[in-house]
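*Asks:* To be precise about what I am sending: the file is called protein-v3.cif and holds mmCIF, C-alpha atoms and all ligand atoms.
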data_final
#
loop_
_atom_site.label_atom_id
_atom_site.label_comp_id
_atom_site.auth_asym_id
_atom_site.auth_seq_id
_atom_site.Cartn_x
_atom_site.Cartn_y
_atom_site.Cartn_z
CA MET A 25 0.00 0.00 0.00
CA SER A 26 1.18 3.52 -0.76
CA PHE A 27 1.88 6.00 1.98
CA ILE A 28 -1.24 8.03 1.29
CA GLU A 29 -4.25 6.80 -0.63
CA PHE A 30 -7.18 8.95 -1.61
CA LYS A 31 -10.00 6.67 -2.69
CA HIS A 32 -12.89 8.39 -4.44
CA ILE A 33 -12.93 11.27 -1.99
CA ASN A 34 -15.83 13.72 -2.23
CA LYS A 35 -16.47 16.85 -0.26
CA LYS A 36 -19.71 18.77 -0.17
CA TYR A 37 -19.93 21.53 2.41
CA ALA A 38 -23.22 21.48 4.33
CA ASN A 39 -24.41 24.81 2.93
CA ALA A 40 -23.09 24.27 -0.60
CA GLU A 41 -25.03 23.36 -3.72
CA ARG A 42 -22.35 21.26 -5.27
CA ASN A 43 -19.22 19.36 -4.42
CA SER A 44 -16.04 21.28 -3.68
CA VAL A 45 -14.05 18.12 -4.39
CA THR A 46 -15.29 15.32 -6.64
CA ASP A 47 -13.99 11.75 -6.88
CA PHE A 48 -10.45 12.62 -5.85
CA CYS A 49 -8.23 9.56 -6.37
CA LEU A 50 -4.49 9.62 -5.83
CA THR A 51 -1.69 7.63 -4.28
CA ILE A 52 1.36 9.27 -2.77
CA GLU A 53 4.56 7.39 -2.02
CA GLU A 54 6.74 7.94 1.00
CA LYS A 55 9.13 10.91 0.65
CA GLU A 56 7.35 12.32 -2.36
CA PHE A 57 6.87 16.06 -2.71
CA ILE A 58 3.46 16.55 -4.26
CA ALA A 59 2.04 19.89 -5.34
CA PHE A 60 -1.69 20.50 -5.65
CA VAL A 61 -2.07 23.32 -8.12
CA GLY A 62 -4.99 25.04 -9.79
CA PRO A 63 -6.88 28.32 -9.86
CA SER A 64 -8.40 29.81 -6.75
CA GLY A 65 -11.48 27.89 -5.60
CA CYS A 66 -10.62 24.61 -7.34
CA GLY A 67 -10.57 22.64 -4.07
CA LYS A 68 -6.89 22.47 -3.14
CA SER A 69 -7.24 23.70 0.44
CA THR A 70 -10.37 21.65 1.00
CA THR A 71 -8.50 18.50 -0.05
CA LEU A 72 -5.51 19.35 2.14
CA ARG A 73 -7.77 20.09 5.08
CA MET A 74 -9.41 16.70 4.69
CA VAL A 75 -5.95 15.12 4.92
CA ALA A 76 -5.25 17.16 8.04
CA GLY A 77 -8.58 16.17 9.53
CA PHE A 78 -9.92 19.73 9.75
CA GLU A 79 -12.70 18.99 7.28
CA GLU A 80 -14.92 15.96 7.31
CA ILE A 81 -14.78 13.69 4.27
CA THR A 82 -18.28 13.51 2.76
CA SER A 83 -17.61 10.17 1.07
CA GLY A 84 -14.66 8.03 0.07
CA ASP A 85 -11.74 6.68 2.04
CA LEU A 86 -8.46 8.24 3.06
CA TYR A 87 -5.53 6.10 4.13
CA ILE A 88 -2.33 7.38 5.72
CA ASP A 89 0.43 4.86 6.25
CA GLY A 90 -1.91 1.95 5.75
CA LYS A 91 -4.55 3.14 8.17
CA ARG A 92 -7.97 4.49 7.30
CA VAL A 93 -8.09 7.91 8.92
CA ASN A 94 -11.51 9.32 7.99
CA GLU A 95 -12.51 9.43 11.64
CA VAL A 96 -9.07 9.93 13.18
CA ALA A 97 -8.54 13.24 15.05
CA PRO A 98 -6.08 15.71 13.48
CA LYS A 99 -3.58 15.38 16.31
CA ASP A 100 -3.41 11.63 15.80
CA ARG A 101 -2.71 11.73 12.08
CA GLY A 102 1.04 12.35 12.31
CA ILE A 103 1.05 15.59 10.36
CA ALA A 104 2.67 19.00 10.58
CA MET A 105 1.20 21.98 8.76
CA VAL A 106 2.36 25.35 7.50
CA PHE A 107 -0.23 27.85 6.25
CA GLN A 108 -0.22 31.11 4.36
CA ASN A 109 -1.26 33.02 7.46
CA TYR A 110 0.94 31.38 10.03
CA ALA A 111 0.50 33.25 13.30
CA LEU A 112 3.66 33.46 15.35
CA TYR A 113 3.31 34.39 18.99
CA PRO A 114 4.34 38.07 19.08
CA HIS A 115 5.61 38.06 22.67
CA MET A 116 7.80 34.96 22.20
CA THR A 117 11.30 34.76 20.80
CA VAL A 118 12.13 32.72 17.71
CA GLU A 119 13.36 29.92 19.93
CA LYS A 120 10.21 29.88 22.05
CA ASN A 121 7.97 30.08 19.01
CA ILE A 122 9.64 27.04 17.48
CA GLY A 123 9.49 24.99 20.65
CA TYR A 124 6.01 25.97 21.76
CA GLY A 125 4.16 23.15 20.04
CA LEU A 126 6.45 20.58 21.62
CA LYS A 127 5.95 22.10 25.03
CA ASN A 128 2.24 21.68 24.48
CA MET A 129 2.83 18.04 23.59
CA LYS A 130 4.59 17.63 26.97
CA VAL A 131 7.94 16.80 25.43
CA PRO A 132 10.73 17.01 28.06
CA ALA A 133 12.55 20.36 28.13
CA GLU A 134 15.94 18.90 27.25
CA GLU A 135 14.58 17.22 24.15
CA ILE A 136 12.77 20.37 23.11
CA GLN A 137 16.02 22.31 23.32
CA LYS A 138 17.80 19.76 21.16
CA LYS A 139 15.14 19.84 18.50
CA VAL A 140 14.85 23.61 18.54
CA ASP A 141 18.63 23.93 18.19
CA TRP A 142 18.56 21.55 15.27
CA ALA A 143 15.73 23.45 13.53
CA ILE A 144 17.43 26.79 14.12
CA ARG A 145 20.60 25.46 12.58
CA ILE A 146 18.94 23.86 9.61
CA LEU A 147 16.93 27.01 8.87
CA GLY A 148 19.85 29.38 9.38
CA LEU A 149 18.16 31.27 12.19
CA GLU A 150 21.08 31.25 14.67
CA GLU A 151 21.53 34.98 14.85
CA PHE A 152 17.81 35.58 15.31
CA ARG A 153 17.05 33.02 17.99
CA ASN A 154 16.34 35.61 20.66
CA ARG A 155 14.42 38.03 18.50
CA LYS A 156 10.68 38.56 18.59
CA PRO A 157 8.67 38.21 15.35
CA LYS A 158 8.20 41.96 14.91
CA ASN A 159 11.96 42.30 14.48
CA LEU A 160 12.15 39.71 11.71
CA SER A 161 11.71 40.01 7.95
CA GLY A 162 8.89 38.20 6.18
CA GLY A 163 11.23 35.45 5.05
CA GLN A 164 12.67 34.96 8.52
CA ARG A 165 9.18 34.72 10.00
CA GLN A 166 8.26 32.19 7.37
CA ARG A 167 11.31 30.14 8.35
CA VAL A 168 10.22 30.26 11.98
CA ALA A 169 6.83 28.90 10.92
CA LEU A 170 8.64 26.12 9.05
CA GLY A 171 10.75 25.48 12.13
CA ARG A 172 7.66 25.06 14.24
CA ALA A 173 6.45 22.41 11.83
CA ILE A 174 9.69 20.48 11.37
CA VAL A 175 10.48 20.05 15.07
CA LYS A 176 7.35 18.00 15.40
CA ASN A 177 9.16 15.39 13.36
CA GLN A 178 5.99 14.17 11.74
CA LYS A 179 5.85 11.80 8.82
CA LEU A 180 3.66 14.07 6.73
CA PHE A 181 4.07 17.76 5.92
CA LEU A 182 1.14 19.79 4.68
CA MET A 183 1.70 23.29 3.34
CA ASP A 184 -1.01 25.61 2.10
CA GLU A 185 0.31 28.52 0.02
CA PRO A 186 3.09 29.13 2.56
CA LEU A 187 4.87 31.67 0.37
CA SER A 188 1.96 33.76 -0.92
CA ASN A 189 2.59 36.62 1.47
CA LEU A 190 6.23 37.05 0.53
CA ASP A 191 7.63 39.30 -2.15
CA ALA A 192 8.82 37.80 -5.42
CA LYS A 193 12.51 37.57 -4.60
CA LEU A 194 11.91 36.03 -1.22
CA ARG A 195 9.52 33.52 -2.74
CA VAL A 196 12.30 32.29 -4.99
CA SER A 197 14.76 31.86 -2.15
CA MET A 198 12.17 30.21 0.14
CA ARG A 199 11.23 27.88 -2.71
CA ASN A 200 14.82 26.71 -2.72
CA GLU A 201 14.95 26.44 1.05
CA ILE A 202 11.81 24.33 1.22
CA SER A 203 13.11 22.04 -1.52
CA LYS A 204 16.41 21.68 0.28
CA LEU A 205 14.66 21.00 3.56
CA HIS A 206 12.59 18.34 1.90
CA ARG A 207 15.70 16.65 0.53
CA GLU A 208 17.29 16.72 3.96
CA LEU A 209 14.31 15.56 5.99
CA GLY A 210 12.72 13.35 3.38
CA SER A 211 9.28 13.83 4.83
CA THR A 212 6.36 13.24 2.53
CA THR A 213 4.99 16.65 1.59
CA ILE A 214 1.79 17.96 0.09
CA TYR A 215 2.21 21.53 -1.02
CA VAL A 216 -0.78 23.61 -2.12
CA THR A 217 -0.24 26.53 -4.46
CA HIS A 218 -2.05 28.48 -7.17
CA ASP A 219 1.35 29.30 -8.66
CA GLN A 220 2.35 26.89 -11.39
CA VAL A 221 5.97 28.04 -11.17
CA GLU A 222 6.16 26.90 -7.54
CA ALA A 223 4.59 23.59 -8.48
CA MET A 224 6.90 23.08 -11.46
CA THR A 225 10.09 23.98 -9.62
CA MET A 226 9.49 22.19 -6.33
CA ALA A 227 7.37 19.12 -6.84
CA ASP A 228 8.25 15.55 -7.73
CA ARG A 229 4.71 15.26 -9.01
CA ILE A 230 2.00 17.80 -9.68
CA VAL A 231 -1.72 17.26 -9.26
CA ILE A 232 -3.60 19.84 -11.23
CA MET A 233 -7.21 20.54 -10.28
CA LYS A 234 -10.11 22.44 -11.75
CA ASP A 235 -13.58 22.82 -10.24
CA GLY A 236 -12.87 20.17 -7.62
CA VAL A 237 -11.74 17.59 -10.17
CA VAL A 238 -8.22 16.30 -10.75
CA GLN A 239 -7.29 16.99 -14.37
CA GLN A 240 -3.89 15.33 -14.47
CA ALA A 241 -1.25 14.05 -12.08
CA GLY A 242 2.31 13.58 -13.18
CA ARG A 243 5.87 14.76 -13.18
CA PRO A 244 6.32 18.44 -14.03
CA MET A 245 7.72 17.90 -17.54
CA GLU A 246 5.09 15.26 -18.26
CA LEU A 247 2.36 17.85 -17.66
CA TYR A 248 4.29 20.45 -19.58
CA GLU A 249 4.96 18.29 -22.64
CA ASN A 250 1.92 16.04 -22.64
CA PRO A 251 -1.02 17.90 -21.16
CA VAL A 252 -4.19 15.80 -21.26
CA ASN A 253 -6.42 18.73 -22.05
CA LYS A 254 -6.44 22.38 -23.02
CA PHE A 255 -6.88 23.49 -19.42
CA VAL A 256 -3.67 21.80 -18.27
CA ALA A 257 -1.87 22.99 -21.40
CA GLY A 258 -2.88 26.55 -20.65
CA PHE A 259 -2.31 26.48 -16.91
CA ILE A 260 1.19 25.05 -16.91
CA GLY A 261 3.80 27.26 -18.50
CA SER A 262 4.25 30.98 -18.78
CA PRO A 263 3.65 32.67 -21.14
CA GLN A 264 0.65 30.52 -21.88
CA MET A 265 0.57 28.05 -24.75
CA ASN A 266 -0.77 29.61 -27.97
CA PHE A 267 -4.12 28.17 -29.08
CA TYR A 268 -5.76 28.29 -32.51
CA PRO A 269 -9.13 27.11 -33.70
CA VAL A 270 -8.20 25.26 -36.90
CA THR A 271 -9.66 22.97 -39.51
CA VAL A 272 -7.63 19.99 -40.61
CA LYS A 273 -8.49 19.12 -44.20
CA GLY A 274 -6.43 16.51 -46.02
CA ASN A 275 -2.87 17.43 -45.23
CA GLN A 276 -3.67 21.09 -44.60
CA ILE A 277 -4.13 22.96 -41.36
CA GLN A 278 -6.37 25.92 -42.05
CA PHE A 279 -6.33 28.84 -39.66
CA ARG A 280 -9.22 31.24 -39.12
CA ASP A 281 -7.38 34.13 -40.75
CA GLY A 282 -6.88 32.19 -43.96
CA ASN A 283 -3.32 31.11 -43.25
CA GLN A 284 -2.44 27.51 -43.96
CA MET A 285 0.19 25.04 -42.93
CA ILE A 286 1.00 21.62 -44.26
CA LEU A 287 0.18 19.08 -41.60
CA PRO A 288 3.55 17.52 -40.79
CA ASP A 289 3.70 13.72 -40.90
CA GLU A 290 4.46 13.35 -37.22
CA ALA A 291 1.54 15.59 -36.28
CA ALA A 292 -0.68 13.66 -38.69
CA ALA A 293 0.36 10.42 -37.00
CA ARG A 294 -0.79 11.75 -33.66
CA LEU A 295 -4.13 12.74 -35.15
CA GLY A 296 -4.58 9.25 -36.56
CA GLY A 297 -6.46 10.51 -39.60
CA ARG A 298 -8.77 12.78 -37.70
CA GLN A 299 -10.04 15.69 -39.73
CA GLY A 300 -12.24 18.71 -39.25
CA GLU A 301 -12.38 21.42 -36.63
CA MET A 302 -10.11 21.22 -33.64
CA ILE A 303 -7.88 23.35 -31.44
CA MET A 304 -4.19 23.47 -32.13
CA GLY A 305 -1.69 24.52 -29.50
CA ILE A 306 1.98 25.42 -29.59
CA ARG A 307 4.25 26.80 -26.89
CA GLY A 308 6.13 30.04 -27.44
CA GLU A 309 9.52 28.36 -27.42
CA ASP A 310 8.38 25.88 -30.06
CA ILE A 311 7.86 28.67 -32.56
CA LYS A 312 11.23 28.88 -34.24
CA LEU A 313 12.87 31.82 -35.97
CA ASP A 314 16.38 30.48 -36.46
CA GLU A 315 17.84 29.74 -39.88
CA GLN A 316 18.28 26.06 -39.24
CA ASN A 317 14.64 25.41 -38.39
CA LEU A 318 13.41 27.77 -41.10
CA LYS A 319 15.37 25.70 -43.58
CA LEU A 320 14.38 22.35 -42.14
CA TYR A 321 10.66 23.15 -42.24
CA SER A 322 10.79 25.58 -45.14
CA GLN A 323 7.48 24.43 -46.62
CA ASN A 324 5.76 25.70 -43.49
CA ARG A 325 7.29 29.15 -43.13
CA GLN A 326 4.90 31.76 -41.84
CA GLN A 327 5.10 35.51 -41.45
CA ALA A 328 3.71 37.99 -38.97
CA VAL A 329 4.39 41.49 -37.72
CA VAL A 330 5.74 42.04 -34.21
CA GLU A 331 3.14 44.03 -32.28
CA ASN A 332 4.81 44.01 -28.91
CA ALA A 333 8.08 42.79 -27.45
CA GLU A 334 8.76 41.87 -23.84
CA VAL A 335 12.50 41.95 -23.50
CA MET A 336 13.93 40.56 -20.29
CA GLY A 337 17.35 39.62 -21.61
CA ASN A 338 17.36 35.90 -20.94
CA GLU A 339 13.71 35.54 -21.92
CA ASN A 340 12.19 37.56 -24.73
CA ASN A 341 8.63 37.38 -25.92
CA LEU A 342 7.55 38.63 -29.32
CA TYR A 343 3.81 39.15 -29.71
CA THR A 344 2.10 38.92 -33.07
CA THR A 345 -1.34 38.16 -34.38
CA PHE A 346 -1.28 34.91 -36.30
CA GLY A 347 -3.99 32.45 -37.21
CA GLY A 348 -6.56 34.77 -35.72
CA SER A 349 -5.02 34.53 -32.24
CA LEU A 350 -2.58 36.56 -30.23
CA THR A 351 0.63 34.61 -30.56
CA VAL A 352 3.73 34.76 -28.45
CA ALA A 353 7.06 33.47 -29.65
CA ARG A 354 9.88 33.13 -27.12
CA VAL A 355 13.18 33.99 -28.65
CA SER A 356 16.77 34.15 -27.51
CA LYS A 357 18.58 37.44 -27.17
CA TYR A 358 20.20 36.73 -30.53
CA GLU A 359 16.84 36.75 -32.30
CA LEU A 360 15.43 39.96 -30.87
CA LYS A 361 13.20 42.00 -33.12
CA GLU A 362 11.63 45.43 -32.99
CA ILE A 363 7.97 46.30 -32.92
CA GLY A 364 6.83 46.61 -36.54
CA ASP A 365 9.37 44.09 -37.83
CA THR A 366 8.10 41.18 -39.87
CA ILE A 367 9.24 37.85 -38.52
CA GLU A 368 9.45 34.54 -40.31
CA PHE A 369 8.90 31.44 -38.28
CA VAL A 370 7.92 27.78 -38.23
CA PHE A 371 6.07 25.64 -35.71
CA LEU A 372 8.07 22.64 -34.52
CA PRO A 373 6.03 19.69 -35.84
CA SER A 374 6.82 17.42 -32.89
CA ARG A 375 5.52 20.07 -30.49
CA MET A 376 2.13 20.72 -32.03
CA HIS A 377 -0.72 19.85 -29.68
CA PHE A 378 -4.26 19.08 -30.80
CA PHE A 379 -7.38 19.23 -28.67
CA ASP A 380 -11.00 18.34 -29.33
CA LYS A 381 -12.91 21.57 -29.93
CA ASP A 382 -15.82 20.51 -27.71
CA THR A 383 -14.36 18.41 -24.91
CA GLU A 384 -10.97 20.15 -25.07
CA GLU A 385 -9.34 16.77 -24.41
CA ARG A 386 -6.04 16.00 -26.09
CA ILE A 387 -6.40 14.20 -29.39
CA CYS A 388 -3.96 11.36 -29.47
CA VAL A 389 -4.11 7.88 -30.91
N1 LIG B 401 -16.38 26.32 4.68
C1 LIG B 401 -16.88 26.32 3.43
N2 LIG B 401 -18.21 26.28 3.21
C2 LIG B 401 -18.72 26.26 1.95
N3 LIG B 401 -17.99 26.29 0.85
C3 LIG B 401 -16.66 26.34 0.98
C4 LIG B 401 -16.02 26.35 2.27
N4 LIG B 401 -14.69 26.39 2.10
C5 LIG B 401 -14.49 26.40 0.77
N5 LIG B 401 -15.66 26.36 0.10
C6 LIG B 401 -15.84 26.32 -1.37
O1 LIG B 401 -15.21 25.16 -1.88
C7 LIG B 401 -14.54 25.42 -3.11
C8 LIG B 401 -13.08 25.06 -2.97
O2 LIG B 401 -12.47 25.96 -2.05
P1 LIG B 401 -10.96 25.81 -1.61
O3 LIG B 401 -10.69 24.40 -1.29
O4 LIG B 401 -10.71 26.81 -0.56
O5 LIG B 401 -10.22 26.21 -2.96
P2 LIG B 401 -8.68 26.57 -3.22
O6 LIG B 401 -7.90 26.26 -1.99
O7 LIG B 401 -8.31 25.72 -4.38
O8 LIG B 401 -8.65 28.01 -3.58
C9 LIG B 401 -14.80 26.89 -3.40
O9 LIG B 401 -15.87 26.97 -4.29
C10 LIG B 401 -15.15 27.47 -2.06
O10 LIG B 401 -16.00 28.57 -2.19
MG MG B 402 -6.76 27.59 -0.78
#
Produce structure tokens that represent the structure in this file.
Ligand SMILES: Nc1ncnc2c1ncn2[C@@H]1O[C@H](COP(=O)(O)OP(=O)(O)O)[C@@H](O)[C@H]1O
Ligand SMILES: [Mg+2]

*Replies:*
Amino acid sequence: MSFIEFKHINKKYANAERNSVTDFCLTIEEKEFIAFVGPSGCGKSTTLRMVAGFEEITSGDLYIDGKRVNEVAPKDRGIAMVFQNYALYPHMTVEKNIGYGLKNMKVPAEEIQKKVDWAIRILGLEEFRNRKPKNLSGGQRQRVALGRAIVKNQKLFLMDEPLSNLDAKLRVSMRNEISKLHRELGSTTIYVTHDQVEAMTMADRIVIMKDGVVQQAGRPMELYENPVNKFVAGFIGSPQMNFYPVTVKGNQIQFRDGNQMILPDEAAARLGGRQGEMIMGIRGEDIKLDEQNLKLYSQNRQQAVVENAEVMGNENNLYTTFGGSLTVARVSKYELKEIGDTIEFVFLPSRMHFFDKDTEERICV
């Protein structure tokens, strides 16, 4: 049996008209770092809170470490939690804040000290151990909250948007710290976030949800390269994948603005002979402007005028209107263009995605 098993879990709040979580099925192995990601309101926190035992499970079974825990009290589930709005005790020092939970659990003072010292060391809080929260930065406070959770030495870590209140730079460094901590402690972790970058950079596996329903679970690059539907394709990755309503007719892809492409053999193979209206998708970095690709796929060269350019140096986005849709091509600093320039480009055949126009499911045979 896996470390955690969600078996057909449903949640309907008493006052709600419909489920907040529907038929959630998932297994999590020991030591895995799992991210639940999805837009606000998709049921991430509700699912996490059912694992913690703070919300009742309407139906289905939840197993932790081989034991059915539906009716087990939160304190007996072997979990530690970190939330977005972690409240530190303002009158206590860093050291006292970290040890407080253990004191409550009646752990002997000597052992508390040992664990607190360990957490302080691991989190790099040595020089702040006697400070009160008001004299700490946001990132330091967040580390104290992490410290409070790790000293409990629980087998399961639950984190709900723990970095949302931090500024962008701090989020990046805390992302690294949490990943490092996970590698060191090896505790199974479920991490809730609405931020696909956090999910992509931190998780072993991502579970992406929409309207209470799991859309896809898999390794970050699996979701990125092989999204099962248009929602996943659009949610993972920034800038978003480009989408085009197209008609496939014979070996032609016809765009709404009258542009055409020859359907490449490898894309045709994936479509398995399917014709007619569908949605095509391509990521910005799979639109190629370099000589080599232009030559290789010369029969499919397209043109468009640059309407806007986001130049960041390492990442550069050229915006055009193509195929009736706003299109973003990601180019290297060597391929930069000016607004008003005409660019020539090709779509990498192996990276074309096709989705059913009604169900928005991936078309793949
Ligand atoms: N206590 C509650 N009572 C009724 N509905 C709730 C409650 N908590 C959350 N919900 C609803 O359940 C859905 C999922 O919420 P939540 O799990 O908080 O989403 P997320 O964490 O993904 O933003 C939302 O539609 C939300 O309004
Ligand atoms: Mg939430």

*Asks:* If you count all atoms listed in the file, which residues end up within 7 Å of ligand MG 402 (chain B), as a list in words?

*Replies:*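 Protein and nucleic-acid residues within 7 Å of ligand MG 402 (chain B): Ser64, Gly65, Lys68, Ser69 and Asp184 of chain A.
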
*Asks:* Just want the 6 Å neighbourhood of stretch 304-307 of chain A, counted on all atoms listed in the file, with same-chain residues fewer than 4 positions away dropped. Output as a ChimeraX atom specification.

*Replies:* /A:265-268,376-378

*Asks:* I'd like the interatomic distance between atom CA of A:Cys388 and atom CA of A:Leu295, to a tenth of an Å.

*Replies:* 5.8 Å

*Asks:* Could you list, as a CSV table (one decimal) with C-alpha atoms, in the coordinates of the input, all protein and nucleic acid residues with an atom at most 12 Å from ligand LIG 401 (chain B), counting all atoms listed in the file?

*Replies:*
chain,number,residue,atom,x,y,z
A,34,ASN,CA,-15.8,13.7,-2.2
A,35,LYS,CA,-16.5,16.8,-0.3
A,36,LYS,CA,-19.7,18.8,-0.2
A,37,TYR,CA,-19.9,21.5,2.4
A,38,ALA,CA,-23.2,21.5,4.3
A,39,ASN,CA,-24.4,24.8,2.9
A,40,ALA,CA,-23.1,24.3,-0.6
A,41,GLU,CA,-25.0,23.4,-3.7
A,42,ARG,CA,-22.4,21.3,-5.3
A,43,ASN,CA,-19.2,19.4,-4.4
A,44,SER,CA,-16.0,21.3,-3.7
A,45,VAL,CA,-14.0,18.1,-4.4
A,46,THR,CA,-15.3,15.3,-6.6
A,59,ALA,CA,2.0,19.9,-5.3
A,60,PHE,CA,-1.7,20.5,-5.6
A,61,VAL,CA,-2.1,23.3,-8.1
A,62,GLY,CA,-5.0,25.0,-9.8
A,63,PRO,CA,-6.9,28.3,-9.9
A,64,SER,CA,-8.4,29.8,-6.8
A,65,GLY,CA,-11.5,27.9,-5.6
A,66,CYS,CA,-10.6,24.6,-7.3
A,67,GLY,CA,-10.6,22.6,-4.1
A,68,LYS,CA,-6.9,22.5,-3.1
A,69,SER,CA,-7.2,23.7,0.4
A,70,THR,CA,-10.4,21.6,1.0
A,71,THR,CA,-8.5,18.5,0.0
A,72,LEU,CA,-5.5,19.4,2.1
A,73,ARG,CA,-7.8,20.1,5.1
A,74,MET,CA,-9.4,16.7,4.7
A,78,PHE,CA,-9.9,19.7,9.8
A,79,GLU,CA,-12.7,19.0,7.3
A,80,GLU,CA,-14.9,16.0,7.3
A,107,PHE,CA,-0.2,27.8,6.2
A,108,GLN,CA,-0.2,31.1,4.4
A,183,MET,CA,1.7,23.3,3.3
A,184,ASP,CA,-1.0,25.6,2.1
A,185,GLU,CA,0.3,28.5,0.0
A,215,TYR,CA,2.2,21.5,-1.0
A,216,VAL,CA,-0.8,23.6,-2.1
A,217,THR,CA,-0.2,26.5,-4.5
A,218,HIS,CA,-2.0,28.5,-7.2
A,219,ASP,CA,1.4,29.3,-8.7
A,231,VAL,CA,-1.7,17.3,-9.3
A,232,ILE,CA,-3.6,19.8,-11.2
A,233,MET,CA,-7.2,20.5,-10.3
A,234,LYS,CA,-10.1,22.4,-11.8
A,235,ASP,CA,-13.6,22.8,-10.2
A,236,GLY,CA,-12.9,20.2,-7.6
A,237,VAL,CA,-11.7,17.6,-10.2
A,238,VAL,CA,-8.2,16.3,-10.8

*Asks:* Please provide the set of residues having any atom within 7 Å of stretch 341-352 of chain A, restricted to all atoms listed in the file, with same-chain residues fewer than 6 positions apart removed, written as number ranges by chain.

*Replies:* A: 266, 268, 279-281, 283, 308, 328-335

*Asks:* Which neighbours of stretch 248-257 of chain A fall inside 6 Å, counting all atoms listed in the file, when residues of the same chain fewer than 3 positions from it are skipped, and could you give them as a VMD selection string?

*Replies:* chain A and resid 245 260 384 to 386

*Asks:* Save the residues we just selected, C-alpha atoms, as a tab-separated table (two decimals), keeping the file's coordinate frame?

*Replies:*
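Dumped to again.tsv:
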chain	number	residue	atom	x	y	z
A	245	MET	CA	7.72	17.90	-17.54
A	260	ILE	CA	1.19	25.05	-16.91
A	384	GLU	CA	-10.97	20.15	-25.07
A	385	GLU	CA	-9.34	16.77	-24.41
A	386	ARG	CA	-6.04	16.00	-26.09

*Asks:* Give me, as a PyMOL selection string, all polymer residues having an atom no more than 6 Å from A:Cys49, counting all atoms listed in the file and skipping those fewer than 4 positions away in the same chain.

*Replies:* chain A and resi 30-32

*Asks:* When you look at A:Gly242 with a cut-off of 8 Å (counting all atoms listed in the file), what residues show up, excluding the ones that are within fewer than 5 positions of it in the same chain? I need them as a list in words.

*Replies:* Arg229, Ile230, Val231 and Leu247 of chain A

*Asks:* Any idea what the distance is between atom CA of A:Glu301 and atom CA of A:Ser374?

*Replies:*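 Distance between the two atoms: 20.0 Å.
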
*Asks:* Could you check which residues have any atom within 7 Å of (-11.1, 27.3, -29.7), counting all atoms listed in the file with coordinates taken straight from the file, and then list them as a PyMOL selection string?

*Replies:* chain A and resi 268-269+303+381

*Asks:* From the list A:Pro157, A:Gly162, A:Gly102, A:Gly148, which residue is nearest A:Thr117 when using only C-alpha atoms?

*Replies:*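 Looking only at the distances to A:Thr117, the closest residue turns out to be A:Pro157.
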
*Asks:* Expressed in Å to a single decimal, how great is the separation between atom CA of A:Gln166 and atom CA of A:Pro114?

*Replies:* 13.7 Å

*Asks:* Please give the centre and size of the box around stretch 172-179 of chain A (axis-aligned, containing every atom listed in the file, 4 Å added per side), with values in Å to one decimal and written as JSON.

*Replies:*
{"center_x": 8.2, "center_y": 18.4, "center_z": 12.1, "size_x": 12.6, "size_y": 21.3, "size_z": 14.6}

*Asks:* Which residue is closest to A:Leu112? Choose from A:Ala173, A:Ile81, A:Ala192, A:Val370 and count all atoms listed in the file.

*Replies:*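 The closest residue to A:Leu112 is A:Ala173.
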
*Asks:* Could you tell me which of A:Glu246, A:Glu151, A:Asp47, A:Asp380 comes closest to A:Gly300 if we count only C-alpha atoms?

*Replies:*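 Nearest candidate to A:Gly300 out of A:Glu246, A:Glu151, A:Asp47, A:Asp380: A:Asp380.
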
*Asks:* Could you rebuild stretch 165-173 of chain A with N, CA and C atoms and give it back as a short mmCIF file (atom, residue, chain, number, x, y, z; two decimals), in the frame of the given file?

*Replies:*
data_model
loop_
_atom_site.label_atom_id
_atom_site.label_comp_id
_atom_site.auth_asym_id
_atom_site.auth_seq_id
_atom_site.Cartn_x
_atom_site.Cartn_y
_atom_site.Cartn_z
N ARG A 165 10.38 35.19 9.29
CA ARG A 165 9.18 34.72 10.00
C ARG A 165 8.68 33.43 9.37
N GLN A 166 8.73 33.39 8.05
CA GLN A 166 8.26 32.19 7.37
C GLN A 166 9.13 30.99 7.76
N ARG A 167 10.43 31.23 7.93
CA ARG A 167 11.31 30.14 8.35
C ARG A 167 11.00 29.68 9.77
N VAL A 168 10.61 30.64 10.62
CA VAL A 168 10.22 30.26 11.98
C VAL A 168 8.99 29.35 11.93
N ALA A 169 8.03 29.73 11.06
CA ALA A 169 6.83 28.90 10.92
C ALA A 169 7.20 27.50 10.43
N LEU A 170 8.16 27.44 9.51
CA LEU A 170 8.64 26.12 9.05
C LEU A 170 9.29 25.37 10.19
N GLY A 171 10.07 26.09 10.99
CA GLY A 171 10.75 25.48 12.13
C GLY A 171 9.76 24.85 13.09
N ARG A 172 8.69 25.57 13.34
CA ARG A 172 7.66 25.06 14.24
C ARG A 172 7.11 23.74 13.73
N ALA A 173 6.99 23.65 12.41
CA ALA A 173 6.45 22.41 11.83
C ALA A 173 7.48 21.29 11.84
#
